[in-house]
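For reference, the structure is listed below as structure tokens.
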Amino acid sequence: MAFTDLLDALGGVGRFQLIYTALLLLPCGLLACHNFLQNFTAAMPPHHCRGPANLTNTSGAWLRAAMPLDQLGAPDSCRRFTEPQWVLLLPNASSGHGAATEGCVDGWEYDHSVFPSTIVTEWDLVCEARTLRDLAQSIYMAGVLLGAAVFGSLADRLGRKAPLVWSYLQLAVSGAATAYVSSFSAYCVFRFLMGMTFSGIILNSLSLVVEWMPARGRTVAGILLGVSFTLGQLVLAGVAYLIRPWRWLQFAVSAPFLIFFFYSWWLPESSRWLLLHGKSQQAVQNLRKVAALNGREEESERLTMEAVSAYIQSEFASVRTSSSVLDLFRTPAIRKVTCCLVGVWFSNSVAYYGLAMDLHKFGLNLYLVQALFGIIDIPAMLLATITMIYVGRRATVASFLIVAGLTVIANMFVPEAMQTVRTAQAALGKGCLASSFICVYLFTGELYPTEIRQMGMGFASVSARLGGLAAPLLTTLGEVSAFLPPVSFGAASILAGLAVLCFLTETRNAPLVETIAAMERRGKEGAPKKEVEEKGEDVTLQPLGTSPLRETI
């Protein structure tokens, strides 16, 4: 008997699973706001040099006399004439080339019509300092990278709940502190701390949802994680439109995590993890609460440590209570999965962030593009849900990656003048990459055994964060050739899709593997398709409780 059979006996996808999943996915949605927050808080409005103190008139005529023009005919953002060229106000005047210029020694004037304040306008991150804006985002991604390594390991040692609760508190405090800092260096420090919590929340939330969900509900739960992330992007577009000052926007998307911190104490720890680490009494208490909330009072009363052991004794017989990153490479089956997933996560991430983190290049309204890039994920994820349920995880992940790669490469051949077509095609590619990202999160959680699941997901997530750091570096290759970035992003996505087809096994409707030894046995024997199908039939025929979602799934 597998642990998933025990969950089915306690109500399957019941009231507990629905409430538990909703409470975990709500914070995941707001995480998207932080991931893309600098699209708004670090927006760079039109600007030009401030005039000398004795010249305060900034009318159009004064700008024409004080500022040289750039290639587009607008006032130069980083240079001004050393002396106003009043002759340029005369009809048929020359362009002013040859006149002496200087940098913006008196600072800059910014257009505050769209963005009343951003970190760019507050700390003058323009001209020679404009790279600091990208540096701040890179520091945030470095925090995400470190968080994936730290929280992935801690979750296997301390449980899923403790790192999750701490991540909520850390994000609430560091996010609110970011809104009150007075220096750019302090801003970067707190953004780094915020980035660390991203992996702690995403990885542990997904593992808790997967480990409390019967096999037939895992697909929908995994896709709901993607939907919540998509809705978070739409929320960001709306909140950023309503709250323009960057400090208030930063505070608005950080404060709710204090609420998440308080109610997270109610969330029970994964009973799978508790049983693996010899905490049977607490596991049984949690399972009784699940049964009671799902309306299975009789099953709750019959639950004992001996009864629970009957379900999981064979699965957990060879479990080890300590693990290290070397366990991800120690045996052949785990090693193959790890190497493949590292490449898939890196490729998916580098292509995704290459498209999604630089919305200004599309030349459209920033709020509209953010909303478009969020909306496009919804139909893509609905399609992913259907294919994951009826076709399988492997084919779904591979097809989305390959289609995304082909779309990105095809966009190279669309003329620059057709900006709307280029934006729509990029949005389609981003939607495919977002869907494959969510699918591979679920796929990874199902491929790794319980005793090293968090470590495996954390290690794979580290490779994804390396992809996020590599994306802006690959974008700079556009200065050498405009074709290099899209070819790099597209080829990486296509190769990742082919790797999924060649090296990973299907997990649809299969019970979660609990130990490394069990996974090695499955790898040697092969995934018994007939057994998996019979497993699915058994789950379907068991009592479904009162949840209409259970019957649908």
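Here, A, B, ... name the chains of the structure tokens in the order displayed, residue numbers run from 1 inside each chain, and ligands are numbered from 1 in the same displayed order.
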Using only C-alpha atoms, which protein or nucleic acid residues come within 8 Å of Ala434 of chain A? Drop anything in the same chain fewer than 6 positions from it, and give the result as a ChimeraX atom specification. /A:226,352,377
Quick one: residues within 12 Å of Arg288 of chain A, only C-alpha atoms counted, chain neighbours fewer than 5 positions away excluded, as a compact mmCIF listing (two decimals) with N, CA and C atoms, in the first residue's frame?
```txt
# COMPACT_ATOMS: atom_id res chain seq x y z
N LEU A 6 -3.37 5.99 1.38
CA LEU A 6 -3.80 6.49 2.68
C LEU A 6 -4.50 7.83 2.52
N LEU A 7 -3.94 8.71 1.69
CA LEU A 7 -4.59 10.01 1.45
C LEU A 7 -5.96 9.83 0.82
N ALA A 9 -7.90 7.28 1.25
CA ALA A 9 -8.79 6.76 2.30
C ALA A 9 -9.25 7.87 3.24
N LEU A 10 -8.45 8.94 3.32
CA LEU A 10 -8.81 10.06 4.22
C LEU A 10 -9.55 11.17 3.48
N GLY A 11 -10.07 10.88 2.33
CA GLY A 11 -10.90 11.85 1.63
C GLY A 11 -10.40 12.29 0.28
N PHE A 16 -9.68 19.72 3.04
CA PHE A 16 -8.34 20.08 3.52
C PHE A 16 -7.42 20.43 2.36
N PRO A 268 -0.08 22.37 8.52
CA PRO A 268 0.62 21.19 9.06
C PRO A 268 1.83 20.82 8.22
N SER A 271 3.32 15.05 6.26
CA SER A 271 3.39 13.78 7.00
C SER A 271 4.36 12.81 6.34
N GLN A 281 4.34 10.01 15.53
CA GLN A 281 3.23 10.53 16.34
C GLN A 281 2.69 11.84 15.78
N GLN A 282 3.59 12.75 15.43
CA GLN A 282 3.14 14.02 14.85
C GLN A 282 2.50 13.80 13.49
N ALA A 283 3.03 12.84 12.72
CA ALA A 283 2.45 12.54 11.42
C ALA A 283 1.02 12.04 11.56
N LEU A 293 -11.12 17.22 8.82
CA LEU A 293 -11.51 18.34 7.97
C LEU A 293 -12.16 17.86 6.68
N ASN A 294 -11.79 16.66 6.23
CA ASN A 294 -12.39 16.09 5.02
C ASN A 294 -13.68 15.33 5.31
N GLY A 295 -14.13 15.35 6.57
CA GLY A 295 -15.38 14.69 6.91
C GLY A 295 -15.26 13.19 7.06
N ARG A 296 -14.06 12.68 7.29
CA ARG A 296 -13.86 11.25 7.48
C ARG A 296 -13.57 10.96 8.96
N GLU A 297 -14.58 11.16 9.80
CA GLU A 297 -14.40 11.01 11.24
C GLU A 297 -14.06 9.57 11.62
N GLU A 298 -14.69 8.60 10.96
CA GLU A 298 -14.44 7.20 11.31
C GLU A 298 -13.01 6.82 11.00
N GLU A 299 -12.52 7.22 9.82
CA GLU A 299 -11.13 6.91 9.48
C GLU A 299 -10.17 7.61 10.44
N SER A 300 -10.55 8.81 10.88
CA SER A 300 -9.71 9.55 11.82
C SER A 300 -9.56 8.79 13.13
N GLU A 301 -10.66 8.22 13.63
CA GLU A 301 -10.61 7.50 14.90
C GLU A 301 -9.81 6.21 14.78
N ARG A 302 -9.80 5.59 13.59
CA ARG A 302 -9.09 4.33 13.42
C ARG A 302 -7.60 4.51 13.14
N LEU A 303 -7.19 5.74 12.90
CA LEU A 303 -5.79 5.98 12.57
C LEU A 303 -4.89 5.77 13.79
N THR A 304 -3.94 4.91 13.66
CA THR A 304 -2.92 4.69 14.68
C THR A 304 -1.57 4.64 13.98
N MET A 305 -0.51 4.69 14.77
CA MET A 305 0.83 4.60 14.17
C MET A 305 1.01 3.26 13.48
N VAL A 308 -0.90 3.41 10.11
CA VAL A 308 -0.16 4.22 9.13
C VAL A 308 1.06 3.46 8.63
```
Write out as a compact mmCIF listing (two decimals) with C-alpha atoms, in the first residue's frame the residues lying within 9 Å of Ala177 of chain A, counting only C-alpha atoms and excluding same-chain residues fewer than 5 positions away.
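Once written, selection-v8.txt looks like this:
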```
# COMPACT_ATOMS: atom_id res chain seq x y z
CA ALA A 172 7.84 40.88 4.80
CA TYR A 187 18.46 48.97 -1.33
CA PHE A 190 17.53 44.21 1.13
CA PHE A 251 5.56 48.44 0.55
```
For the atom pair atom CA of Phe346 of chain A and atom CA of Val220 of chain A, what is the interatomic distance in Å to one decimal place?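 The value is 24.5 Å.
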To one decimal in Å, tell me the separation between atom CA of Leu341 of chain A and atom CA of Thr219 of chain A.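 Separation between atom CA of Leu341 of chain A and atom CA of Thr219 of chain A: 18.7 Å.
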Nearest residue to Ala510 of chain A from the set A:Leu267, A:Leu18, A:Ile389, A:Ile202 (distances using only C-alpha atoms):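 When distances to Ala510 of chain A are compared using only C-alpha atoms, the smallest one comes from A:Ile389.
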Close residues, Val350 of chain A itself excluded, 7 Å, only C-alpha atoms, min 6 positions apart in chain, as a list in words: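 Counting only the stated atoms, we get Gly467, Gly468, Ala470, Ala471 and Phe489 of chain A.
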If you measure from atom CA of Cys33 of chain A to atom CA of Leu158 of chain A, what distance in Å do you get, rounded to one decimal?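 Going from atom CA of Cys33 of chain A over to atom CA of Leu158 of chain A covers 28.1 Å.
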Report the residues of segment 316-518 of chain A whose backbone DSSP state falls under alpha helix (DSSP H), written as a ChimeraX atom specification. /A:316,332-356,366-375,377-390,393-410,419-447,453-475,484-503,516-518
Residues just named, written with C-alpha atoms as a tab-separated table (two decimals), in the first residue's frame:
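The new file out-v3.tsv reads:
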```
chain	number	residue	atom	x	y	z
A	316	PHE	CA	10.15	3.68	3.79
A	332	PRO	CA	22.59	5.78	-12.01
A	333	ALA	CA	18.87	6.58	-12.11
A	334	ILE	CA	19.17	9.65	-9.85
A	335	ARG	CA	22.28	10.81	-11.72
A	336	LYS	CA	20.53	10.69	-15.10
A	337	VAL	CA	17.53	12.59	-13.78
A	338	THR	CA	19.68	15.24	-12.10
A	339	CYS	CA	21.92	15.92	-15.10
A	340	CYS	CA	18.95	16.20	-17.44
A	341	LEU	CA	16.93	18.44	-15.12
A	342	VAL	CA	19.87	20.78	-14.54
A	343	GLY	CA	20.08	21.41	-18.29
A	344	VAL	CA	16.31	21.75	-18.66
A	345	TRP	CA	15.92	24.23	-15.79
A	346	PHE	CA	18.87	26.33	-16.97
A	347	SER	CA	17.65	26.47	-20.58
A	348	ASN	CA	14.06	27.21	-19.60
A	349	SER	CA	15.14	29.99	-17.27
A	350	VAL	CA	17.63	31.69	-19.59
A	351	ALA	CA	15.06	31.84	-22.39
A	352	TYR	CA	12.21	32.93	-20.08
A	353	TYR	CA	14.07	35.80	-18.40
A	354	GLY	CA	15.64	36.80	-21.70
A	355	LEU	CA	12.13	37.62	-22.92
A	356	ALA	CA	10.34	38.77	-19.76
A	366	LEU	CA	4.73	49.34	-19.98
A	367	TYR	CA	1.58	48.47	-18.03
A	368	LEU	CA	-0.06	47.06	-21.17
A	369	VAL	CA	2.93	44.87	-22.03
A	370	GLN	CA	3.12	43.55	-18.44
A	371	ALA	CA	-0.57	42.65	-18.57
A	372	LEU	CA	-0.19	41.06	-22.03
A	373	PHE	CA	2.73	38.93	-20.89
A	374	GLY	CA	0.62	37.77	-17.97
A	375	ILE	CA	-2.60	37.12	-19.88
A	377	ASP	CA	0.08	32.50	-19.83
A	378	ILE	CA	-3.56	31.63	-19.06
A	379	PRO	CA	-4.51	29.82	-22.31
A	380	ALA	CA	-1.03	28.26	-22.45
A	381	MET	CA	-1.44	26.84	-18.95
A	382	LEU	CA	-4.96	25.60	-19.66
A	383	LEU	CA	-3.56	23.69	-22.62
A	384	ALA	CA	-0.72	22.43	-20.42
A	385	THR	CA	-3.25	21.19	-17.84
A	386	ILE	CA	-5.13	19.16	-20.43
A	387	THR	CA	-2.03	17.64	-21.98
A	388	MET	CA	-0.45	16.82	-18.62
A	389	ILE	CA	-3.62	14.98	-17.53
A	390	TYR	CA	-4.35	13.09	-20.73
A	393	ARG	CA	4.32	15.28	-18.20
A	394	ARG	CA	7.20	14.40	-20.51
A	395	ALA	CA	5.46	15.18	-23.80
A	396	THR	CA	3.96	18.39	-22.39
A	397	VAL	CA	7.25	19.83	-21.12
A	398	ALA	CA	9.15	18.85	-24.25
A	399	SER	CA	6.56	20.23	-26.70
A	400	PHE	CA	6.27	23.59	-24.93
A	401	LEU	CA	10.03	24.02	-24.83
A	402	ILE	CA	10.46	23.13	-28.50
A	403	VAL	CA	7.59	25.37	-29.66
A	404	ALA	CA	8.95	28.26	-27.56
A	405	GLY	CA	12.43	27.85	-29.06
A	406	LEU	CA	11.09	27.81	-32.62
A	407	THR	CA	8.98	30.90	-31.88
A	408	VAL	CA	11.93	32.86	-30.52
A	409	ILE	CA	14.11	31.98	-33.51
A	410	ALA	CA	11.32	32.76	-35.99
A	419	GLN	CA	6.66	45.87	-33.87
A	420	THR	CA	3.18	44.64	-32.95
A	421	VAL	CA	3.77	41.29	-34.62
A	422	ARG	CA	7.15	40.95	-32.93
A	423	THR	CA	5.60	41.71	-29.53
A	424	ALA	CA	2.76	39.22	-30.04
A	425	GLN	CA	5.16	36.50	-31.16
A	426	ALA	CA	7.46	37.16	-28.21
A	427	ALA	CA	4.45	36.98	-25.88
A	428	LEU	CA	3.52	33.59	-27.36
A	429	GLY	CA	7.03	32.29	-26.77
A	430	LYS	CA	6.98	33.64	-23.22
A	431	GLY	CA	3.65	31.92	-22.58
A	432	CYS	CA	5.06	28.57	-23.72
A	433	LEU	CA	8.15	29.04	-21.55
A	434	ALA	CA	6.05	30.00	-18.52
A	435	SER	CA	3.89	26.90	-18.96
A	436	SER	CA	6.90	24.61	-19.38
A	437	PHE	CA	8.45	26.21	-16.27
A	438	ILE	CA	5.42	25.30	-14.17
A	439	CYS	CA	5.18	21.84	-15.69
A	440	VAL	CA	8.83	21.11	-14.99
A	441	TYR	CA	8.35	22.23	-11.36
A	442	LEU	CA	5.69	19.55	-10.95
A	443	PHE	CA	7.62	17.02	-13.05
A	444	THR	CA	10.75	17.49	-10.95
A	445	GLY	CA	8.81	17.02	-7.71
A	446	GLU	CA	7.43	13.73	-9.01
A	447	LEU	CA	10.73	12.43	-10.40
A	453	ARG	CA	12.98	15.76	-3.16
A	454	GLN	CA	13.67	19.20	-1.72
A	455	MET	CA	17.41	18.86	-2.26
A	456	GLY	CA	16.84	17.81	-5.85
A	457	MET	CA	14.42	20.65	-6.52
A	458	GLY	CA	16.75	23.10	-4.84
A	459	PHE	CA	19.71	21.92	-6.92
A	460	ALA	CA	17.69	22.15	-10.14
A	461	SER	CA	16.43	25.57	-9.07
A	462	VAL	CA	20.04	26.71	-8.63
A	463	SER	CA	20.65	25.96	-12.30
A	464	ALA	CA	17.54	27.94	-13.17
A	465	ARG	CA	18.84	30.94	-11.23
A	466	LEU	CA	22.14	30.65	-13.08
A	467	GLY	CA	20.06	30.87	-16.23
A	468	GLY	CA	18.42	34.00	-14.88
A	469	LEU	CA	21.85	35.53	-14.29
A	470	ALA	CA	23.08	34.46	-17.74
A	471	ALA	CA	20.10	35.93	-19.61
A	472	PRO	CA	21.22	39.61	-19.46
A	473	LEU	CA	24.75	38.57	-20.42
A	474	LEU	CA	23.45	36.81	-23.51
A	475	THR	CA	21.33	39.86	-24.31
A	484	LEU	CA	22.98	36.00	-31.33
A	485	PRO	CA	20.54	36.51	-28.40
A	486	PRO	CA	17.46	34.96	-30.08
A	487	VAL	CA	19.53	32.09	-31.49
A	488	SER	CA	20.98	31.42	-28.03
A	489	PHE	CA	17.59	31.53	-26.29
A	490	GLY	CA	15.84	29.49	-28.97
A	491	ALA	CA	18.52	26.82	-29.31
A	492	ALA	CA	18.73	26.35	-25.54
A	493	SER	CA	14.96	25.83	-25.33
A	494	ILE	CA	14.87	23.35	-28.23
A	495	LEU	CA	17.78	21.29	-26.89
A	496	ALA	CA	16.13	21.15	-23.46
A	497	GLY	CA	12.93	19.83	-25.01
A	498	LEU	CA	14.82	17.08	-26.84
A	499	ALA	CA	16.63	16.14	-23.62
A	500	VAL	CA	13.30	15.68	-21.81
A	501	LEU	CA	12.09	13.29	-24.51
A	502	CYS	CA	15.30	11.27	-24.49
A	503	PHE	CA	16.21	10.95	-20.81
A	516	ILE	CA	16.44	6.33	-3.58
A	517	ALA	CA	16.43	2.52	-3.48
A	518	ALA	CA	12.83	2.43	-4.71
```
Can you list, as JSON, numbers by chain, every protein, DNA or RNA residue that comes within 12 Å of Val253 of chain A when you count only C-alpha atoms, leaving out same-chain residues fewer than 6 positions away? {"A": [27, 29, 30, 31, 32, 33, 34, 35, 36, 37, 41, 171, 172, 173, 174, 175, 176, 178, 179, 194, 232, 233, 235, 236, 237, 238, 239, 240, 243, 246, 247, 259]}
Keeping only N, CA, C and O atoms, take the residues you just selected and write them out as a tab-separated table (two decimals), in the first residue's frame.
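Result written to again_32.tsv:
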```tsv
chain	number	residue	atom	x	y	z
A	27	PRO	N	0.43	33.29	-1.57
A	27	PRO	CA	1.72	33.97	-1.51
A	27	PRO	C	2.55	33.77	-2.78
A	27	PRO	O	3.30	34.67	-3.18
A	29	GLY	N	1.49	33.72	-5.76
A	29	GLY	CA	1.04	34.71	-6.74
A	29	GLY	C	1.70	36.06	-6.52
A	29	GLY	O	2.15	36.71	-7.47
A	30	LEU	N	1.77	36.49	-5.26
A	30	LEU	CA	2.39	37.79	-4.98
A	30	LEU	C	3.90	37.77	-5.19
A	30	LEU	O	4.52	38.82	-5.34
A	31	LEU	N	4.50	36.58	-5.20
A	31	LEU	CA	5.93	36.51	-5.49
A	31	LEU	C	6.25	37.02	-6.89
A	31	LEU	O	7.32	37.57	-7.14
A	32	ALA	N	5.32	36.82	-7.82
A	32	ALA	CA	5.53	37.32	-9.18
A	32	ALA	C	5.69	38.83	-9.17
A	32	ALA	O	6.45	39.38	-9.99
A	33	CYS	N	5.00	39.50	-8.27
A	33	CYS	CA	5.13	40.96	-8.17
A	33	CYS	C	6.58	41.34	-7.87
A	33	CYS	O	7.12	42.29	-8.45
A	34	HIS	N	7.22	40.61	-6.97
A	34	HIS	CA	8.60	40.93	-6.60
A	34	HIS	C	9.57	40.56	-7.71
A	34	HIS	O	10.58	41.23	-7.91
A	35	ASN	N	9.28	39.48	-8.42
A	35	ASN	CA	10.18	39.05	-9.48
A	35	ASN	C	10.29	40.08	-10.60
A	35	ASN	O	11.36	40.28	-11.17
A	36	PHE	N	9.18	40.73	-10.92
A	36	PHE	CA	9.15	41.69	-12.02
A	36	PHE	C	8.97	43.12	-11.53
A	36	PHE	O	8.65	44.02	-12.32
A	37	LEU	N	9.18	43.35	-10.24
A	37	LEU	CA	8.88	44.64	-9.65
A	37	LEU	C	9.73	45.76	-10.24
A	37	LEU	O	9.26	46.89	-10.42
A	41	THR	N	9.54	49.87	-10.48
A	41	THR	CA	10.25	50.67	-9.48
A	41	THR	C	11.58	51.19	-10.01
A	41	THR	O	12.12	52.16	-9.48
A	171	LEU	N	10.72	37.95	3.90
A	171	LEU	CA	10.27	38.77	2.78
A	171	LEU	C	9.47	39.97	3.26
A	171	LEU	O	9.61	41.08	2.74
A	172	ALA	N	8.63	39.76	4.27
A	172	ALA	CA	7.84	40.88	4.80
A	172	ALA	C	8.74	41.97	5.37
A	172	ALA	O	8.55	43.17	5.11
A	173	VAL	N	9.73	41.56	6.16
A	173	VAL	CA	10.60	42.53	6.82
A	173	VAL	C	11.54	43.20	5.83
A	173	VAL	O	11.65	44.44	5.80
A	174	SER	N	12.23	42.40	5.01
A	174	SER	CA	13.18	42.99	4.07
A	174	SER	C	12.48	43.79	2.99
A	174	SER	O	12.99	44.83	2.53
A	175	GLY	N	11.27	43.36	2.58
A	175	GLY	CA	10.53	44.13	1.58
A	175	GLY	C	10.08	45.48	2.11
A	175	GLY	O	10.19	46.50	1.41
A	176	ALA	N	9.60	45.50	3.36
A	176	ALA	CA	9.19	46.77	3.96
A	176	ALA	C	10.41	47.66	4.20
A	176	ALA	O	10.35	48.88	4.00
A	178	THR	N	13.08	47.77	2.44
A	178	THR	CA	13.50	48.31	1.14
A	178	THR	C	12.77	49.60	0.81
A	178	THR	O	13.33	50.51	0.18
A	179	ALA	N	11.53	49.71	1.24
A	179	ALA	CA	10.74	50.90	0.95
A	179	ALA	C	11.18	52.11	1.75
A	179	ALA	O	10.76	53.23	1.44
A	194	MET	N	15.44	39.70	-0.11
A	194	MET	CA	14.13	39.38	-0.69
A	194	MET	C	14.26	38.26	-1.72
A	194	MET	O	13.43	37.34	-1.77
A	232	GLY	N	-0.44	36.84	-10.46
A	232	GLY	CA	0.42	37.80	-9.77
A	232	GLY	C	0.98	38.84	-10.71
A	232	GLY	O	1.12	40.02	-10.34
A	233	GLN	N	1.31	38.45	-11.94
A	233	GLN	CA	1.81	39.42	-12.92
A	233	GLN	C	0.72	40.42	-13.29
A	233	GLN	O	0.99	41.61	-13.49
A	235	VAL	N	-1.78	41.24	-11.29
A	235	VAL	CA	-1.94	42.07	-10.09
A	235	VAL	C	-0.87	43.16	-10.06
A	235	VAL	O	-1.14	44.32	-9.74
A	236	LEU	N	0.36	42.79	-10.43
A	236	LEU	CA	1.44	43.77	-10.45
A	236	LEU	C	1.13	44.91	-11.42
A	236	LEU	O	1.34	46.08	-11.08
A	237	ALA	N	0.64	44.57	-12.61
A	237	ALA	CA	0.32	45.61	-13.58
A	237	ALA	C	-0.73	46.55	-13.02
A	237	ALA	O	-0.64	47.78	-13.17
A	238	GLY	N	-1.77	45.99	-12.35
A	238	GLY	CA	-2.82	46.83	-11.79
A	238	GLY	C	-2.37	47.65	-10.61
A	238	GLY	O	-2.66	48.85	-10.53
A	239	VAL	N	-1.64	47.03	-9.68
A	239	VAL	CA	-1.17	47.75	-8.49
A	239	VAL	C	-0.18	48.83	-8.89
A	239	VAL	O	-0.21	49.96	-8.37
A	240	ALA	N	0.73	48.52	-9.82
A	240	ALA	CA	1.72	49.51	-10.26
A	240	ALA	C	1.05	50.67	-10.98
A	240	ALA	O	1.52	51.82	-10.89
A	243	ILE	N	-0.56	52.64	-7.95
A	243	ILE	CA	0.41	53.17	-6.99
A	243	ILE	C	1.71	53.46	-7.74
A	243	ILE	O	2.53	52.57	-7.97
A	246	TRP	N	7.54	54.66	-6.16
A	246	TRP	CA	8.16	53.35	-6.02
A	246	TRP	C	8.19	52.86	-4.58
A	246	TRP	O	8.05	51.65	-4.34
A	247	ARG	N	8.33	53.75	-3.60
A	247	ARG	CA	8.39	53.30	-2.21
A	247	ARG	C	7.04	52.72	-1.76
A	247	ARG	O	6.99	51.68	-1.09
A	259	ILE	N	0.93	38.84	6.85
A	259	ILE	CA	-0.29	38.06	7.07
A	259	ILE	C	-0.04	36.59	6.77
A	259	ILE	O	-0.47	35.70	7.51
```
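Neighbouring residues of segment 121-131 of chain A at 9 Å or closer, counting only C-alpha atoms and skipping chain neighbours under 6 positions away, are Ala42, Ala43, Met44, Pro45, His47, Ser77, Cys78, Gly107, Trp108, Glu109, Tyr110, Ser183 and Phe184 of chain A.
Minimum distance to Arg508 of chain A across A:Ala215, A:Leu154, A:Pro245, A:Trp266 (counting only C-alpha atoms) occurs at A:Ala215.
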Residues near Leu169 of chain A, cut-off 12 Å, only C-alpha atoms, skip fewer than 2 positions along chain, as a count of residues only: 31
Residue with smallest distance to Phe198 of chain A - pool A:Cys49, A:Ala417, A:Ala149, A:Val513, counting only C-alpha atoms: A:Ala149
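Using only C-alpha atoms for every distance, the candidate list A:Cys188, A:Val114, A:Ala100, A:Glu83 yields A:Cys188 as the residue closest to Leu135 of chain A.
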